[in-house]
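Student: Got a structure for you, written out below as structure tokens; questions coming shortly.
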Amino acid sequence: METERLILRWLTPEDTEFVFELLNDPTWIRFIGDRGIRTLQDARNYIITGPMKMYSELGFGLFLTELKNGHKPIGICGLIKREGLEDVDIGFAFLSRYQSKGYAYEAASATMKYATEQLGLKRIVAITSEDNEASSTLLKKIGMSFEEYVTLPNDNEELKLYGYGDSPPVE
């Protein structure tokens with residue numbers, strides 16, 4: 001996909017150095033968590049067993065987000081089918097030096113359009129840590145609403161769940 005300033009494309013093993021840097025960025029570690037990526041081989045394995053596996057199994061996943069001008073990778077944004085969530089969720093993360101410049105909004109808006117128009121998803125969710133105000137603000141800006149607090153399997157952190165589209169069925 002392309003936006004005014006960005007190209008969003010699937011991750012490949014050639015993106016190993018960038019993924020290593022992103023997953024060790026202080027903002028990633030604070031708000032998403034330490035994934036234990038300590039070597040370039042760890043980063044390569046993350047790409048292959050995470051995003052690339054999701055592409056082959058589901059036909060969607062996280063996109064590498066790069067600047068059109070110079071093809072510089074700056075973040076990731078895309079769709080994830082996460083254990084513990086019934087619906088597909090949108091996720092994003094950008095290197096600290098590229099935050100607060102509108103790139104995440106641009107990428108997330110394009111991803112939402114892709115999810116609804118190309119994939120036909122009627123409902124999309126997102127999760128964020130309770131203290132991540134920047135992500136909460138962005139999720140509201142792309143049309144999502146806070147719904148409830150959730151805890152994912154094998155985790156103990158309460159996360160904010162945002163939703164877009166058809167409401168979940170009432171049990």
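Residue numbers start at 1 in each chain; chains themselves are named A, B, ... in the order of the structure tokens; ligands are numbered from 1 in the order shown.
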Show which residues sit within 9 Å of A:Arg123, as a list in words. Count only C-alpha atoms, and ignore same-chain residues fewer than 6 positions away.

Tutor: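 Listed by chain and then number, they are Asp87, Val88, Asp89, Thr116, Gly163, Tyr164, Gly165, Asp166, Ser167 and Pro168 of chain A.
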
Student: Please save N, CA and C atoms of the selected residues as a compact mmCIF listing (two decimals), in the first residue's frame.

Tutor:
# COMPACT_ATOMS: atom_id res chain seq x y z
N ASP A 87 -11.39 -11.03 17.62
CA ASP A 87 -11.31 -10.30 16.35
C ASP A 87 -9.86 -10.00 15.96
N VAL A 88 -9.68 -9.68 14.70
CA VAL A 88 -8.38 -9.23 14.19
C VAL A 88 -8.09 -7.87 14.81
N ASP A 89 -6.83 -7.65 15.19
CA ASP A 89 -6.51 -6.35 15.76
C ASP A 89 -5.44 -5.63 14.96
N THR A 116 -11.04 -3.05 5.94
CA THR A 116 -12.48 -3.01 5.68
C THR A 116 -12.81 -3.17 4.21
N GLY A 163 -12.48 -0.93 19.96
CA GLY A 163 -13.16 -1.63 18.88
C GLY A 163 -13.64 -0.67 17.81
N TYR A 164 -13.81 -1.23 16.62
CA TYR A 164 -14.32 -0.49 15.46
C TYR A 164 -15.25 -1.42 14.71
N GLY A 165 -16.38 -0.92 14.28
CA GLY A 165 -17.30 -1.72 13.47
C GLY A 165 -18.37 -2.36 14.31
N ASP A 166 -18.89 -3.46 13.79
CA ASP A 166 -19.99 -4.17 14.45
C ASP A 166 -19.62 -4.49 15.89
N SER A 167 -20.57 -4.26 16.78
CA SER A 167 -20.33 -4.56 18.20
C SER A 167 -20.20 -6.06 18.41
N PRO A 168 -19.42 -6.44 19.42
CA PRO A 168 -19.32 -7.87 19.71
C PRO A 168 -20.66 -8.41 20.19

Student: So which residues touch A:Ala104 within 9 Å, counting only C-alpha atoms, skipping near sequence neighbours fewer than 4 positions away, as a VMD selection string?

Tutor: chain A and resid 75 to 77 92 to 94 98 to 100 108 to 109 138

Student: Taking N, CA, C and O atoms for each residue, export the selection above as a short mmCIF file (atom, residue, chain, number, x, y, z; two decimals), in the first residue's frame.

Tutor:
data_model
loop_
_atom_site.label_atom_id
_atom_site.label_comp_id
_atom_site.auth_asym_id
_atom_site.auth_seq_id
_atom_site.Cartn_x
_atom_site.Cartn_y
_atom_site.Cartn_z
N GLY A 75 8.88 2.01 10.91
CA GLY A 75 7.99 1.35 11.85
C GLY A 75 7.29 0.17 11.22
O GLY A 75 7.61 -0.24 10.10
N ILE A 76 6.32 -0.36 11.97
CA ILE A 76 5.46 -1.42 11.46
C ILE A 76 4.03 -1.05 11.80
O ILE A 76 3.75 -0.37 12.79
N CYS A 77 3.12 -1.50 10.97
CA CYS A 77 1.70 -1.28 11.18
C CYS A 77 0.97 -2.35 10.40
O CYS A 77 1.34 -2.64 9.26
N PHE A 92 0.66 -1.27 15.78
CA PHE A 92 1.64 -0.36 15.17
C PHE A 92 2.72 -0.04 16.17
O PHE A 92 2.50 -0.06 17.38
N ALA A 93 3.90 0.23 15.65
CA ALA A 93 5.04 0.66 16.47
C ALA A 93 6.01 1.38 15.54
O ALA A 93 6.27 0.91 14.43
N PHE A 94 6.53 2.48 16.02
CA PHE A 94 7.47 3.28 15.22
C PHE A 94 8.69 3.59 16.05
O PHE A 94 8.59 3.75 17.27
N TYR A 98 10.72 8.78 14.94
CA TYR A 98 9.69 9.02 13.93
C TYR A 98 8.30 9.14 14.53
O TYR A 98 7.32 9.20 13.80
N GLN A 99 8.21 9.21 15.84
CA GLN A 99 6.91 9.37 16.49
C GLN A 99 6.52 10.84 16.52
O GLN A 99 7.36 11.72 16.37
N SER A 100 5.24 11.09 16.67
CA SER A 100 4.67 12.44 16.76
C SER A 100 4.89 13.25 15.48
O SER A 100 5.01 14.47 15.52
N ALA A 108 -1.91 3.75 10.01
CA ALA A 108 -3.06 3.09 10.63
C ALA A 108 -4.34 3.37 9.83
O ALA A 108 -5.18 2.48 9.66
N SER A 109 -4.49 4.57 9.32
CA SER A 109 -5.66 4.90 8.49
C SER A 109 -5.68 4.04 7.23
O SER A 109 -6.72 3.50 6.85
N LEU A 138 -4.42 7.89 19.17
CA LEU A 138 -4.41 7.50 17.76
C LEU A 138 -5.58 6.56 17.46
O LEU A 138 -6.25 6.72 16.43
#

Student: Please run DSSP on the backbone and report, as number ranges by chain, all residues within stretch 16-169 of chain A that come out as strand (DSSP E).

Tutor: A: 62-67, 73-80, 89-94, 123-129, 145-150, 159-165

Student: Please identify which residues in stretch 57-110 of chain A DSSP calls helix (DSSP H, G or I) from the backbone, and express them as a VMD selection string.

Tutor: chain A and resid 57 to 58 96 to 98 103 to 110

Student: Contacts of stretch 2-14 of chain A at 6 Å or less, counting only C-alpha atoms, minus same-chain residues fewer than 2 places along, as number ranges by chain?

Tutor: A: 16, 44, 63-68

Student: Would you mind exporting N, CA, C and O atoms of the selected residues as a CSV table (one decimal), in the first residue's frame?

Tutor:
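part09.csv written:
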chain,number,residue,atom,x,y,z
A,16,THR,N,15.9,-7.6,8.7
A,16,THR,CA,16.3,-8.1,10.0
A,16,THR,C,16.9,-6.9,10.9
A,16,THR,O,16.6,-6.8,12.0
A,44,ARG,N,15.6,-12.1,12.8
A,44,ARG,CA,15.3,-12.8,11.6
A,44,ARG,C,14.2,-13.9,12.0
A,44,ARG,O,13.2,-14.0,11.2
A,63,PHE,N,2.8,-4.9,8.4
A,63,PHE,CA,3.5,-4.3,7.3
A,63,PHE,C,4.7,-3.5,7.8
A,63,PHE,O,4.6,-2.8,8.8
A,64,LEU,N,5.8,-3.6,7.1
A,64,LEU,CA,6.9,-2.7,7.3
A,64,LEU,C,6.5,-1.4,6.8
A,64,LEU,O,5.9,-1.3,5.7
A,65,THR,N,6.7,-0.3,7.5
A,65,THR,CA,6.3,1.0,7.1
A,65,THR,C,7.6,1.8,6.8
A,65,THR,O,8.4,1.9,7.7
A,66,GLU,N,7.7,2.3,5.6
A,66,GLU,CA,8.9,3.0,5.2
A,66,GLU,C,8.5,4.3,4.5
A,66,GLU,O,7.5,4.5,3.9
A,67,LEU,N,9.5,5.3,4.6
A,67,LEU,CA,9.3,6.6,3.9
A,67,LEU,C,9.4,6.4,2.4
A,67,LEU,O,10.3,5.7,2.0
A,68,LYS,N,8.5,7.0,1.7
A,68,LYS,CA,8.6,6.9,0.2
A,68,LYS,C,9.9,7.5,-0.2
A,68,LYS,O,10.5,7.0,-1.1

Student: Could you check the closest approach to A:Arg82 for each of A:Glu133, A:Leu152, A:Tyr162, A:Glu21 and tell me which residue wins, using only C-alpha atoms?

Tutor: A:Leu152

Student: Rank nothing, just name the residue among A:Pro73, A:Glu106, A:Gly120, A:Asp155 nearest to A:Ile142, using only C-alpha atoms.

Tutor: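 Of A:Pro73, A:Glu106, A:Gly120, A:Asp155, the one nearest A:Ile142, counting only C-alpha atoms, is A:Glu106.
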
Student: So which residues touch stretch 53-62 of chain A within 6 Å, counting only C-alpha atoms, skipping near sequence neighbours fewer than 3 positions away, as an MDAnalysis selection string?

Tutor: chainID A and resid 49:50 77:80

Student: Using only C-alpha atoms, which of the listed residues (A:Ala134, A:Leu161, A:Gln118, A:Thr128) sits closest to A:Met1?

Tutor: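 Closest to A:Met1, using only C-alpha atoms: A:Gln118.
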
Student: Could you give me, as a PyMOL selection string, the residues within 9 Å of A:Arg35, counting only C-alpha atoms and dropping anything in the same chain fewer than 4 positions from it?

Tutor: chain A and resi 23-24+29

Student: What does the distance between atom CA of A:Leu139 and atom CA of A:Val125 come to in Å, to one decimal place?

Tutor: 9.4 Å

Student: Can you measure atom CA of A:Ile74 to atom CA of A:Tyr103 for me? One decimal in Å is fine.

Tutor: 8.7 Å

Student: Within 7 Å of A:Ser129, counting only C-alpha atoms, which residues qualify if same-chain residues fewer than 4 places away don't, as a VMD selection string?

Tutor: chain A and resid 31 159 to 160

Student: Using only C-alpha atoms, which residue out of A:Glu17, A:Lys141, A:Asp42, A:Phe146 lies closest to A:Gly102?

Tutor: A:Lys141

Student: For each of A:Pro51, A:Pro26, A:Gly143, A:Gly36, take the minimum atom-to-atom distance to A:Ile124, counting only C-alpha atoms, then give the residue where this is smallest.

Tutor: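 Distance minimum relative to A:Ile124 lands on A:Gly143.
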